>>> print(open('work30.txt').read())   # compact mmCIF, C-alpha atoms
# COMPACT_ATOMS: atom_id res chain seq x y z
CA MET N 907 -25.16 116.63 -43.07
CA PRO N 908 -28.95 116.57 -42.40
CA ALA N 909 -29.95 115.81 -38.82
CA GLN N 910 -30.92 112.25 -37.92
CA PRO N 911 -34.68 111.63 -37.54
CA PRO N 912 -35.93 112.15 -33.98
CA LYS N 913 -36.63 109.12 -31.85
CA SER N 914 -40.39 109.80 -31.74
CA LEU N 915 -40.61 109.80 -35.54
CA LEU N 916 -38.55 106.62 -35.82
CA LEU N 917 -40.76 104.84 -33.31
CA GLU N 918 -43.85 105.85 -35.27
CA GLU N 919 -42.38 104.72 -38.59
CA LEU N 920 -41.15 101.40 -37.22
CA GLY N 921 -44.62 100.82 -35.77
CA THR N 922 -46.17 101.48 -39.18
CA ILE N 923 -43.81 99.04 -40.91
CA GLU N 924 -44.37 96.42 -38.22
CA PHE N 925 -48.16 96.68 -38.40
CA TRP N 926 -48.47 96.52 -42.19
CA ALA N 927 -45.86 93.77 -42.50
CA GLU N 928 -47.89 91.71 -40.03
CA ILE N 929 -51.05 92.35 -42.04
CA GLN N 930 -49.23 91.39 -45.24
CA SER N 931 -47.94 88.19 -43.63
CA GLU N 932 -51.53 87.19 -42.84
CA HIS N 933 -52.80 87.81 -46.37
CA PRO N 934 -51.02 84.75 -47.85
CA GLN N 935 -52.44 82.55 -45.09
CA ILE N 936 -55.97 83.72 -45.95
CA LEU N 937 -55.41 83.17 -49.67
CA LEU N 938 -53.96 79.70 -49.12
CA SER N 939 -57.10 78.76 -47.19
CA VAL N 940 -59.71 80.08 -49.65
CA LEU N 941 -58.33 80.01 -53.21
CA PRO N 942 -59.53 76.84 -54.96
CA HIS N 943 -57.32 74.80 -57.29
CA LEU N 944 -54.31 77.00 -56.55
CA GLN N 945 -51.28 76.04 -58.61
CA GLU N 946 -48.34 74.87 -56.54
CA ARG N 947 -46.05 77.59 -57.88
CA TYR N 948 -48.43 80.24 -56.54
CA ALA N 949 -48.72 78.42 -53.22
CA ARG N 950 -44.93 78.31 -52.91
CA GLU N 951 -44.69 82.03 -53.65
CA LEU N 952 -47.38 82.86 -51.11
CA ARG N 953 -45.57 80.86 -48.43
CA ARG N 954 -42.28 82.56 -49.30
CA LEU N 955 -43.84 86.01 -49.05
CA GLN N 956 -45.51 85.10 -45.78
CA ARG N 957 -42.10 84.23 -44.32
CA ALA N 958 -40.56 87.40 -45.77
CA PHE N 959 -43.20 89.64 -44.23
CA ASP N 960 -42.92 87.78 -40.92
CA ASP N 961 -39.19 88.54 -40.96
CA ILE N 962 -39.78 92.22 -41.76
CA ALA N 963 -42.29 92.51 -38.91
CA ARG N 964 -39.86 90.87 -36.45
CA ARG N 965 -37.03 93.16 -37.53
CA ALA N 966 -39.25 96.19 -37.12
CA GLU N 967 -40.30 95.05 -33.65
CA ASN N 968 -36.70 94.39 -32.61
CA LEU N 969 -35.60 97.83 -33.81
CA ARG N 970 -38.53 99.48 -32.08
CA VAL N 971 -37.76 97.75 -28.76
CA ARG N 972 -34.06 98.59 -29.12
CA LEU N 973 -34.88 102.23 -29.81
CA GLU N 974 -37.20 102.47 -26.82
CA ARG N 975 -34.36 101.32 -24.55
CA ALA N 976 -31.42 102.98 -26.29
CA PRO N 977 -29.76 106.28 -25.38
CA ASP N 978 -30.28 109.11 -27.85
CA GLU N 979 -26.80 108.72 -29.35
CA GLU N 980 -27.77 105.29 -30.74
CA THR N 981 -30.69 106.70 -32.73
CA GLY N 982 -28.51 107.06 -35.83
CA GLU N 983 -27.63 103.35 -35.86
CA VAL N 984 -31.26 102.37 -35.55
CA ALA N 985 -32.22 104.85 -38.28
CA THR N 986 -29.68 103.29 -40.65
CA ALA N 987 -31.04 99.82 -39.91
CA ALA N 988 -34.60 101.13 -40.36
CA ALA N 989 -33.66 102.48 -43.81
CA ALA N 990 -32.48 99.02 -44.88
CA LEU N 991 -35.66 97.53 -43.43
CA ALA N 992 -37.86 99.97 -45.35
CA ARG N 993 -36.09 99.07 -48.59
CA ASP N 994 -36.59 95.34 -47.93
CA ALA N 995 -40.24 95.94 -47.05
CA SER N 996 -40.75 97.90 -50.28
CA ARG N 997 -39.15 95.12 -52.32
CA GLY N 998 -41.33 92.44 -50.72
CA ASN N 999 -44.41 94.59 -51.07
CA ASP N 1000 -43.74 95.09 -54.79
CA GLU N 1001 -43.38 91.32 -55.24
CA PHE N 1002 -46.66 90.69 -53.45
CA ARG N 1003 -48.40 93.35 -55.52
CA ALA N 1004 -47.22 91.68 -58.74
CA LEU N 1005 -48.45 88.29 -57.52
CA LEU N 1006 -51.86 89.67 -56.53
CA ARG N 1007 -52.29 91.27 -59.94
CA GLU N 1008 -51.57 87.92 -61.57
CA LEU N 1009 -54.00 86.08 -59.29
CA VAL N 1010 -56.74 88.62 -60.08
CA THR N 1011 -56.62 87.45 -63.70
CA ILE N 1012 -57.13 83.85 -62.57
CA TYR N 1013 -60.09 84.49 -60.25
CA PRO N 1014 -62.15 87.22 -61.98
CA GLU N 1015 -65.57 88.59 -61.06
CA THR N 1016 -66.16 86.60 -57.88
CA ASP N 1017 -65.91 87.09 -54.14
CA LEU N 1018 -62.33 85.86 -54.54
CA ALA N 1019 -61.63 88.70 -56.98
CA LEU N 1020 -62.97 91.18 -54.41
CA LEU N 1021 -60.69 89.65 -51.78
CA LEU N 1022 -57.67 89.91 -54.07
CA GLN N 1023 -58.51 93.50 -55.05
CA HIS N 1024 -58.92 94.37 -51.38
CA MET N 1025 -55.48 92.98 -50.56
CA LEU N 1026 -54.09 94.82 -53.57
CA MET N 1027 -55.54 98.08 -52.23
CA GLU N 1028 -53.88 97.51 -48.86
CA THR N 1029 -50.61 96.67 -50.60
CA GLU N 1030 -50.80 99.97 -52.48
CA HIS N 1031 -51.46 101.73 -49.17
CA PHE N 1032 -48.39 100.11 -47.59
CA ALA N 1033 -46.35 101.20 -50.61
CA GLU N 1034 -47.50 104.80 -50.08
CA LYS N 1035 -46.55 104.61 -46.41
CA LEU N 1036 -43.09 103.30 -47.27
CA SER N 1037 -42.62 105.99 -49.93
CA ALA N 1038 -43.32 108.62 -47.27
CA ILE N 1039 -41.05 106.95 -44.70
CA GLU N 1040 -37.93 106.33 -46.81
CA PRO N 1041 -36.95 110.01 -47.41
CA THR N 1042 -36.95 110.65 -43.63
CA LEU N 1043 -34.32 107.93 -43.05
CA PRO N 1044 -30.57 107.86 -43.87
CA PRO N 1045 -29.00 108.96 -46.06
CA GLN N 1046 -31.62 111.63 -46.89
CA ASN N 1047 -32.85 112.39 -43.35
CA GLN N 1048 -35.48 114.79 -44.61
CA PRO N 1049 -38.10 116.14 -42.19
CA PRO N 1050 -41.54 114.62 -42.71
CA PRO N 1051 -44.11 116.80 -44.47
CA GLN N 1052 -46.49 118.70 -42.26
CA PRO N 1053 -49.94 117.10 -41.85
CA THR N 1054 -52.63 118.60 -44.07
CA LEU N 1055 -56.40 118.48 -44.16
CA GLU N 1056 -56.21 116.78 -47.55
CA GLY N 1057 -53.93 114.10 -46.09
CA VAL N 1058 -56.30 113.45 -43.20
CA LEU N 1059 -59.25 113.13 -45.57
CA THR N 1060 -57.29 110.83 -47.90
CA GLU N 1061 -56.57 108.53 -44.95
CA LEU N 1062 -60.18 108.70 -43.84
CA GLN N 1063 -61.36 107.77 -47.33
CA PHE N 1064 -58.95 104.82 -47.44
CA TRP N 1065 -60.00 103.47 -44.05
CA ALA N 1066 -63.71 103.90 -44.79
CA ARG N 1067 -63.32 101.85 -47.97
CA ASP N 1068 -61.16 99.33 -46.12
CA GLN N 1069 -63.79 98.77 -43.42
CA ARG N 1070 -66.62 98.73 -45.98
CA GLU N 1071 -64.90 95.94 -47.86
CA HIS N 1072 -64.25 94.06 -44.62
CA ALA N 1073 -68.00 93.99 -44.02
CA VAL N 1074 -68.54 92.56 -47.52
CA LEU N 1075 -65.77 89.99 -47.14
CA LEU N 1076 -66.98 88.79 -43.75
CA ARG N 1077 -70.42 88.27 -45.24
CA ALA N 1078 -68.91 86.36 -48.17
CA PHE N 1079 -66.40 84.13 -46.39
CA LEU N 1080 -67.80 83.35 -42.95
CA PRO N 1081 -69.76 80.07 -43.15
CA ASN N 1082 -73.49 79.96 -42.42
CA VAL N 1083 -73.88 83.66 -41.69
CA SER N 1084 -77.24 84.26 -40.04
CA ALA N 1085 -79.83 86.57 -41.55
CA GLU N 1086 -79.36 88.94 -38.61
CA ASP N 1087 -75.60 89.09 -39.10
CA ARG N 1088 -76.01 89.57 -42.84
CA ALA N 1089 -78.28 92.52 -42.21
CA ALA N 1090 -75.84 94.03 -39.73
CA LEU N 1091 -72.90 93.63 -42.11
CA ALA N 1092 -74.95 95.16 -44.94
CA ARG N 1093 -75.67 98.17 -42.70
CA PHE N 1094 -71.98 98.59 -41.86
CA GLU N 1095 -71.23 98.42 -45.58
CA ARG N 1096 -73.77 101.18 -46.31
CA ASP N 1097 -72.57 103.40 -43.46
CA TYR N 1098 -68.92 103.10 -44.44
CA ARG N 1099 -69.79 103.76 -48.07
CA ALA N 1100 -71.54 106.98 -47.02
CA LEU N 1101 -68.52 107.95 -44.91
CA GLU N 1102 -66.15 107.22 -47.80
CA GLN N 1103 -68.20 109.35 -50.18
CA SER N 1104 -68.41 112.21 -47.67
CA ALA N 1105 -64.64 112.18 -47.14
CA ARG N 1106 -64.06 112.21 -50.90
CA ARG N 1107 -66.47 115.12 -51.45
CA LEU N 1108 -64.88 117.15 -48.65
CA ARG N 1109 -61.39 116.44 -49.98
CA GLU N 1110 -62.51 117.67 -53.41
CA ALA N 1111 -64.13 120.74 -51.88
CA ALA N 1112 -60.90 121.58 -50.05
CA THR N 1113 -59.14 122.03 -53.41
CA VAL N 1114 -61.62 124.71 -54.57
CA PRO N 1115 -60.24 128.24 -54.02
CA GLY N 1116 -62.13 130.41 -51.57
CA GLN N 1117 -63.38 127.66 -49.28
CA PRO N 1118 -63.38 128.81 -45.63
CA PRO N 1119 -60.76 126.68 -43.83
CA GLU N 1120 -62.64 126.75 -40.53
CA ALA N 1121 -65.73 125.21 -42.10
CA LEU N 1122 -63.65 122.51 -43.81
CA THR N 1123 -61.86 121.65 -40.57
CA THR N 1124 -65.13 121.53 -38.64
CA GLU N 1125 -66.64 119.12 -41.16
CA ALA N 1126 -63.48 116.99 -41.14
CA ARG N 1127 -63.72 116.73 -37.35
CA ARG N 1128 -67.36 115.72 -37.64
CA LEU N 1129 -66.52 112.99 -40.15
CA ALA N 1130 -63.67 111.76 -37.95
CA MET N 1131 -66.07 111.44 -35.02
CA VAL N 1132 -68.57 109.59 -37.22
CA ALA N 1133 -65.77 107.25 -38.26
CA ARG N 1134 -64.69 106.72 -34.66
CA ASN N 1135 -68.18 105.88 -33.41
CA LEU N 1136 -68.99 103.65 -36.38
CA THR N 1137 -65.71 101.77 -36.07
CA LEU N 1138 -66.07 101.24 -32.32
CA GLU N 1139 -69.48 99.73 -33.08
CA PHE N 1140 -67.98 97.57 -35.84
CA ILE N 1141 -65.28 96.39 -33.44
CA ARG N 1142 -67.88 95.34 -30.88
CA PHE N 1143 -69.81 93.49 -33.58
CA GLN N 1144 -66.69 91.62 -34.72
CA GLU N 1145 -65.78 90.75 -31.14
CA ASP N 1146 -69.23 89.20 -30.82
CA LEU N 1147 -68.65 87.26 -34.05
CA LEU N 1148 -65.38 86.00 -32.62
CA ASN N 1149 -67.24 84.60 -29.63
CA ARG N 1150 -69.66 82.73 -31.89
CA TYR N 1151 -67.35 81.31 -34.57
CA THR N 1152 -65.18 78.45 -33.36
CA ASP N 1153 -63.54 77.14 -36.56
CA PRO N 1154 -59.90 78.27 -36.97
CA ALA N 1155 -60.28 79.79 -40.46
CA SER N 1156 -63.19 82.02 -39.43
CA ARG N 1157 -61.47 83.12 -36.24
CA PHE N 1158 -58.29 83.96 -38.16
CA LEU N 1159 -60.24 86.10 -40.64
CA ILE N 1160 -62.18 87.93 -37.90
CA ARG N 1161 -59.03 88.60 -35.88
CA HIS N 1162 -57.40 89.95 -39.03
CA THR N 1163 -60.21 92.43 -39.75
CA LEU N 1164 -60.40 93.36 -36.05
CA ARG N 1165 -56.73 94.30 -36.01
CA GLU N 1166 -57.24 96.71 -38.87
CA ALA N 1167 -60.33 98.27 -37.29
CA ARG N 1168 -58.38 98.86 -34.08
CA ARG N 1169 -55.56 100.39 -36.10
CA PHE N 1170 -58.08 102.76 -37.67
CA ILE N 1171 -59.09 103.93 -34.19
CA GLU N 1172 -55.43 104.48 -33.28
CA GLU N 1173 -54.85 106.56 -36.40
CA LEU N 1174 -57.97 108.63 -35.75
CA ARG N 1175 -56.66 109.39 -32.26
CA ALA N 1176 -53.23 110.32 -33.62
CA SER N 1177 -54.75 112.62 -36.25
CA GLY N 1178 -56.02 115.02 -33.59
CA TYR N 1179 -59.36 115.25 -35.39
CA VAL N 1180 -61.42 113.38 -32.80
CA THR N 1181 -62.46 114.37 -29.30
CA LEU N 1182 -61.24 111.65 -26.97
CA ARG N 1183 -63.75 110.23 -24.53
CA SER N 1184 -63.92 107.12 -22.43
CA GLU N 1185 -64.33 104.04 -24.64
>>> encode(input="work30.txt", output="structure tokens")
Amino acid sequence: MPAQPPKSLLLEELGTIEFWAEIQSEHPQILLSVLPHLQERYARELRRLQRAFDDIARRAENLRVRLERAPDEETGEVATAAAALARDASRGNDEFRALLRELVTIYPETDLALLLQHMLMETEHFAEKLSAIEPTLPPQNQPPPQPTLEGVLTELQFWARDQREHAVLLRAFLPNVSAEDRAALARFERDYRALEQSARRLREAATVPGQPPEALTTEARRLAMVARNLTLEFIRFQEDLLNRYTDPASRFLIRHTLREARRFIEELRASGYVTLRSE
């Protein structure tokens, strides 16, 4: 029988499920607050999915806390429960993806369409995370694949696009955005677009035979540091926005985008591609 996943891996995977389930639970709240003339059947489905993702996040947190306190011999029980959780998360995520695709057809070619496409992108990302997690859990208990440069650059490209679109969405949905804030958000959009394009080009270059691996790794580390510094700046900017916007809807949206920016920093640290300094 394959060995049970180690506790450190389980903790990491439960943290991933918990984080993305929390993000997914906030997406319906945002949509319920901004989508005009929303049919009641869609509103009911959004509220149901919000509750479902809330439940998945709570289960992930409970398992994570249990695992942190449990002796090593209980890891197998937690792993079995985590496997059931991952399957439930995948099912809920698929349902949300189908709903988003339907809503995109109702709100085309507007800021609302961008918002829906953005959420759809994050839903696809969660699906990829779950697809990678499930084989490591019972009954398969496979070891996770070794990290690769291509994988790091794929993640970097995703997060750069994610943050770029956050800048666009904040500009579109925050009320009465000042000219100064609009200019700042436009700059963040440009800088993240450049980062996204650089990560994509380097990922493509890494597939060409004969490329020196040291040069590729050095450039990946440079891009990771650019991403780190840019995102720390974006976090500070959003924290300032949070101090200036007092209405609940704006604060909810800013807190939501802030959480994802902070997660990006955590993943950059975990990748080993950035040089840690005092922040």
>>> atom_distance(input="work30.txt", atom1="atom CA of Arg1099 of chain N", atom2="atom CA of Arg1070 of chain N")
6.3 Å
>>> atom_distance(input="work30.txt", atom1="atom CA of Arg957 of chain N", atom2="atom CA of Met1027 of chain N")
20.9 Å
>>> residues_around(input="work30.txt", residues="segment 1051-1068 of chain N", least_positions_apart="5", cutoff="6 Å", atoms="only C-alpha atoms", output="ChimeraX atom specification")
/N:1098,1102,1105,1109
>>> closest_residue(input="work30.txt", among="N:Arg965, N:Phe959, N:Arg972, N:Leu1009", to="Arg997 of chain N", atoms="all atoms listed in the file")
N:Phe959
>>> closest_residue(input="work30.txt", among="N:Arg1169, N:Lys913, N:Ser1104, N:Gln935", to="Ala976 of chain N", atoms="all atoms listed in the file")
N:Lys913
>>> residues_around(input="work30.txt", residues="Leu1129 of chain N", least_positions_apart="4", cutoff="9 Å", atoms="all atoms listed in the file", output="mmCIF file with C-alpha atoms, keeping the file's coordinate frame")
data_model
loop_
_atom_site.group_PDB
_atom_site.id
_atom_site.type_symbol
_atom_site.label_atom_id
_atom_site.label_comp_id
_atom_site.auth_asym_id
_atom_site.auth_seq_id
_atom_site.Cartn_x
_atom_site.Cartn_y
_atom_site.Cartn_z
ATOM 1 C CA LEU N 1062 -60.180 108.700 -43.840
ATOM 2 C CA LEU N 1101 -68.520 107.950 -44.910
ATOM 3 C CA SER N 1104 -68.410 112.210 -47.670
ATOM 4 C CA ALA N 1105 -64.640 112.180 -47.140
ATOM 5 C CA THR N 1124 -65.130 121.530 -38.640
ATOM 6 C CA GLU N 1125 -66.640 119.120 -41.160
ATOM 7 C CA ALA N 1133 -65.770 107.250 -38.260
ATOM 8 C CA ARG N 1134 -64.690 106.720 -34.660
ATOM 9 C CA TYR N 1179 -59.360 115.250 -35.390
ATOM 10 C CA VAL N 1180 -61.420 113.380 -32.800
#
>>> atom_distance(input="work30.txt", atom1="atom CA of Glu1008 of chain N", atom2="atom CA of Glu951 of chain N")
12.0 Å
>>> residues_near_point(input="work30.txt", point="(-63.1, 85.0, -55.7)", cutoff="10 Å", atoms="only C-alpha atoms", output="list in words")
Leu937, Val940, Leu941, Pro942, Leu1009, Val1010, Ile1012, Tyr1013, Pro1014, Glu1015, Thr1016, Asp1017, Leu1018, Ala1019, Leu1020, Leu1021, Leu1022, Gln1023, Ala1078 and Phe1079 of chain N
>>> closest_residue(input="work30.txt", among="N:Glu1001, N:Glu983, N:Asp961, N:Glu919", to="Leu1036 of chain N", atoms="all atoms listed in the file")
N:Glu919
>>> closest_residue(input="work30.txt", among="N:Val1132, N:Ala1111, N:Leu1164, N:Leu917", to="Gln1144 of chain N", atoms="all atoms listed in the file")
N:Leu1164
>>> residues_near_point(input="work30.txt", point="(-75.8, 94.0, -37.4)", cutoff="12 Å", atoms="all atoms listed in the file", output="mmCIF file with C-alpha atoms, in the coordinates of the input")
data_model
loop_
_atom_site.group_PDB
_atom_site.id
_atom_site.type_symbol
_atom_site.label_atom_id
_atom_site.label_comp_id
_atom_site.auth_asym_id
_atom_site.auth_seq_id
_atom_site.Cartn_x
_atom_site.Cartn_y
_atom_site.Cartn_z
ATOM 1 C CA ALA N 1073 -68.000 93.990 -44.020
ATOM 2 C CA ARG N 1077 -70.420 88.270 -45.240
ATOM 3 C CA VAL N 1083 -73.880 83.660 -41.690
ATOM 4 C CA SER N 1084 -77.240 84.260 -40.040
ATOM 5 C CA ALA N 1085 -79.830 86.570 -41.550
ATOM 6 C CA GLU N 1086 -79.360 88.940 -38.610
ATOM 7 C CA ASP N 1087 -75.600 89.090 -39.100
ATOM 8 C CA ARG N 1088 -76.010 89.570 -42.840
ATOM 9 C CA ALA N 1089 -78.280 92.520 -42.210
ATOM 10 C CA ALA N 1090 -75.840 94.030 -39.730
ATOM 11 C CA LEU N 1091 -72.900 93.630 -42.110
ATOM 12 C CA ALA N 1092 -74.950 95.160 -44.940
ATOM 13 C CA ARG N 1093 -75.670 98.170 -42.700
ATOM 14 C CA PHE N 1094 -71.980 98.590 -41.860
ATOM 15 C CA GLU N 1095 -71.230 98.420 -45.580
ATOM 16 C CA ARG N 1096 -73.770 101.180 -46.310
ATOM 17 C CA ASP N 1097 -72.570 103.400 -43.460
ATOM 18 C CA LEU N 1136 -68.990 103.650 -36.380
ATOM 19 C CA GLU N 1139 -69.480 99.730 -33.080
ATOM 20 C CA PHE N 1140 -67.980 97.570 -35.840
ATOM 21 C CA ILE N 1141 -65.280 96.390 -33.440
ATOM 22 C CA ARG N 1142 -67.880 95.340 -30.880
ATOM 23 C CA PHE N 1143 -69.810 93.490 -33.580
ATOM 24 C CA GLN N 1144 -66.690 91.620 -34.720
ATOM 25 C CA ASP N 1146 -69.230 89.200 -30.820
ATOM 26 C CA LEU N 1147 -68.650 87.260 -34.050
#
>>> residues_around(input="work30.txt", residues="Ile962 of chain N", least_positions_apart="2", cutoff="9 Å", atoms="only C-alpha atoms", output="PyMOL selection string")
chain N and resi 923-924+927-928+957-960+964-967+991-992+994-995
>>> closest_residue(input="work30.txt", among="N:Ala1121, N:Trp926, N:Thr986, N:Gln956", to="Thr1029 of chain N", atoms="only C-alpha atoms")
N:Trp926
